[in-house]
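This report concerns only the one structure given below.
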Amino acid sequence: MLDLLIIHGYVITMEGPGVGMLEDGAIGIRGNLIEAVGPTEELLRKYRAQRVLDAHNMAVMPGLIDAHIHTSISLLRGISQDIDNWMVDGLWPFETKLRMDPASSMKGTRLNIVESVKAGTTTFCDFDSPMDRLVENHAKLGTRARVAELISGLPENNAGVRADEPFPLNLETEKIKLKRNLRLISNWNGAENGRITCMLGPQAADMVTLDSLREIKKLSEKLGVGLHMHVSQSPHENEQTMLKYGKRAIPFLQEIGYLDESLMAVHLVDATTDEVHTLAKSRAGMVACNSGSAMLGGCIPPSYEFLEVSDRLAIGSDEATGNNCCNMFNEMKFTALLNKCKFHSYTAFPAWKVLRMATVDGAKAIGLGDEIGSIKEGKKADVILIDLKTPTMTPVVTEPLRNIVPNLVYSARGDEVKTVIIDGKIVMEDRVLKTVDERIIIEEAQEAAERICREAAPEFCVRKTALYEMMRDGKL
């Protein structure tokens with residue numbers, strides 16, 4: 001007896017070299033695993049189930065993977081756009097206040113999880129602080145999470161840090177955060193029936209001392225956990241590593257033994273083609289955050305260059321202060337369009353390939369390829385049902401070709417997602433979340449954001465940055 005049988009859907013398995021479409025497909029789920037996949041007629045003949053979901057006029061596919069996200073910062077959505085030096089002059093005055101208030105960080109993470117799950121995200125590679133507390137939200141809301149504490153030597157109050165000067169790094173601060181990361185691993189790695197897994201999280205080569213970087217790598221090997229890390233994320237990072245070590249970030253990381261399959265390298269927007277190829281050959285995974293990179297400097301991650309060597313490429317939304325939303329349908333569309341613009345090509349990054357980056361190939365890149373990313377017997381039951389009878393997904397055409405996958409990537413907004421199943425449990429049904437009261441989460445996040453912005457106002461206003469001038473001039 002199955003726990004759940006989904007029938008009569010356009011099942012997009014993501015198995016094989018493409019998308020593995022079954023036009024009248026079914027999925028059988030027992031416990032937290034997929035037990036059977038095939039034509040509806042065949043599974044109805046073979047199985048009985050406690051519950052049957054009719055997915056007629058729906059696409060049924062693996063849950064989407066957000067391979068790089070800072071969930072708590074959703075409280076600061078929209079406060080750092082349209083300026084140069086967005087991090088130091090825009091984000092940091094507000095983020096400093098947020099980091100001093102773990103309760104507000106918890107509210108930000110809950111808000112972000114709700115936003116993302118409602119748009120079909122089932123797996124979060126959450127890179128934030130204090131992660132040993134924030135992870136409780138993933139446990140409660142039922143999401144799959146691959147979490148890491150953001151380890152940095154920057155001062156807690158970083159409002160005075162300048163991007164054009166060497167970052168002041170404190171080894172004792174790093175030790176405190178590393179200890180927190182190790183506690184996270186001890187308490188949570190493999191928790192919630194394996195739904196929560198952990199990594200180590202050095203923020204970037206220019207934001208952690210060499211002593212700590214070496215210790216973190218040794219711990220990664222000893223504990224058998226991966227490394228989630230920003231790599232060559234900006235010219236400033238490479239300038240800083242040149243000042244400190246006489247090498248750019250990727251050659252420096254190669255020198256200290258970081259380039260291997262345990263590394264999940266994020267961004268790479270300031271990496272040269274040779275550096276990208278070096279990283280890809282090491283079997284490290286890459287995460288491209290296309291919409292955020294585009295908004296925060298007009299950069300397009302070197303995904304094409306990476307794919308010349310390796311298929312371990314994932315995409316992530318990064319943070320709500322970078323692109324204003326954490327929606328993987330948005331990320332898929334940006335990934336395709338930006339690369340078509342970059343290469344002046346109609347055919348670059350076709351929809352089917354981008355969908356793989358958000359599912360099966362993304363799962364490989366984050367080290368969970370054997371567990372999630374496709375609809376296959378024995379994999380975890382992370383499945384989303386998408387209503388095709390919506391204006392954005394209509395018409396549905398299957399002859400002489402199918403238009404469902406192109407429309408998922410280029411047309412869908414995320415609110416077409418009707419049902420979300422994670423680890424075999426229905427987390428959202430008919431767009432109603434089952435594990436949390438969405439209204440309360442939104443109200444709590446609003447209150448916390450207003451308070452943080454009030455506290456940050458004096459520090460922000462005295463800087464008289466471009467954002468301050470826009471507000472003064474009535475442009476915001």
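Chain lettering (A, B, ...) mirrors the order of the structure tokens, residue numbering begins at 1 for each chain separately, and ligand numbering begins at 1 in order of display.
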
Which residues of segment 329-389 of chain A come within 12 Å of segment 255-263 of chain A, and what is each one's closest atom pair and distance in Å (one decimal), counting only C-alpha atoms, sorted by chain and residue number, as a tab-separated table?
```
residue	atom	partner	partner_atom	distance
A:Lys364	CA	A:Glu261	CA	10.4
A:Ala365	CA	A:Glu261	CA	8.9
A:Ile366	CA	A:Leu263	CA	8.7
A:Gly367	CA	A:Ser262	CA	8.0
A:Leu368	CA	A:Ser262	CA	11.7
```

Residues of the last selection are to be written out with N, CA, C and O atoms, as a PDB file, in the first residue's frame.
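Below is the file that was written, result_39.pdb:
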```pdb
ATOM      1  N   LYS A 364      23.460  17.434  -8.259  1.00  0.00           N
ATOM      2  CA  LYS A 364      24.853  16.956  -8.343  1.00  0.00           C
ATOM      3  C   LYS A 364      25.815  18.012  -7.804  1.00  0.00           C
ATOM      4  O   LYS A 364      26.752  17.699  -7.064  1.00  0.00           O
ATOM      5  N   ALA A 365      25.581  19.264  -8.162  1.00  0.00           N
ATOM      6  CA  ALA A 365      26.505  20.339  -7.785  1.00  0.00           C
ATOM      7  C   ALA A 365      26.564  20.533  -6.278  1.00  0.00           C
ATOM      8  O   ALA A 365      27.619  20.890  -5.742  1.00  0.00           O
ATOM      9  N   ILE A 366      25.456  20.302  -5.579  1.00  0.00           N
ATOM     10  CA  ILE A 366      25.448  20.524  -4.128  1.00  0.00           C
ATOM     11  C   ILE A 366      25.734  19.236  -3.355  1.00  0.00           C
ATOM     12  O   ILE A 366      25.686  19.225  -2.123  1.00  0.00           O
ATOM     13  N   GLY A 367      26.027  18.147  -4.078  1.00  0.00           N
ATOM     14  CA  GLY A 367      26.407  16.904  -3.424  1.00  0.00           C
ATOM     15  C   GLY A 367      25.260  16.012  -3.004  1.00  0.00           C
ATOM     16  O   GLY A 367      25.442  15.097  -2.198  1.00  0.00           O
ATOM     17  N   LEU A 368      24.058  16.246  -3.566  1.00  0.00           N
ATOM     18  CA  LEU A 368      22.893  15.424  -3.227  1.00  0.00           C
ATOM     19  C   LEU A 368      22.299  14.731  -4.453  1.00  0.00           C
ATOM     20  O   LEU A 368      21.114  14.398  -4.482  1.00  0.00           O
TER      21      LEU A 368
END
```

Query raised in the report: Where in segment 158-300 of chain A does DSSP assign strand (DSSP E), given as a ChimeraX atom specification?
Result: /A:196-198,227-231,263-267,285-288

Report task. Please provide as a VMD selection string all residues within 12 Å of Arg451 of chain A, with the sequence filter that same-chain residues fewer than 3 positions apart are discarded (counting only C-alpha atoms). Result -> chain A and resid 75 to 76 94 97 to 98 101 104 444 to 448 454 to 457

Query raised in the report: Can you list every residue in segment 145-300 of chain A that DSSP puts in alpha helix (DSSP H), as an MDAnalysis selection string?
Result: chainID A and resid 171:188 210:223 235:245 249:255 273:281 290:295

Query raised in the report: Excluding same-chain residues fewer than 5 positions from Val52 of chain A, what lies within 6 Å of it counting only C-alpha atoms, as a PyMOL selection string?
Result: chain A and resi 4-6
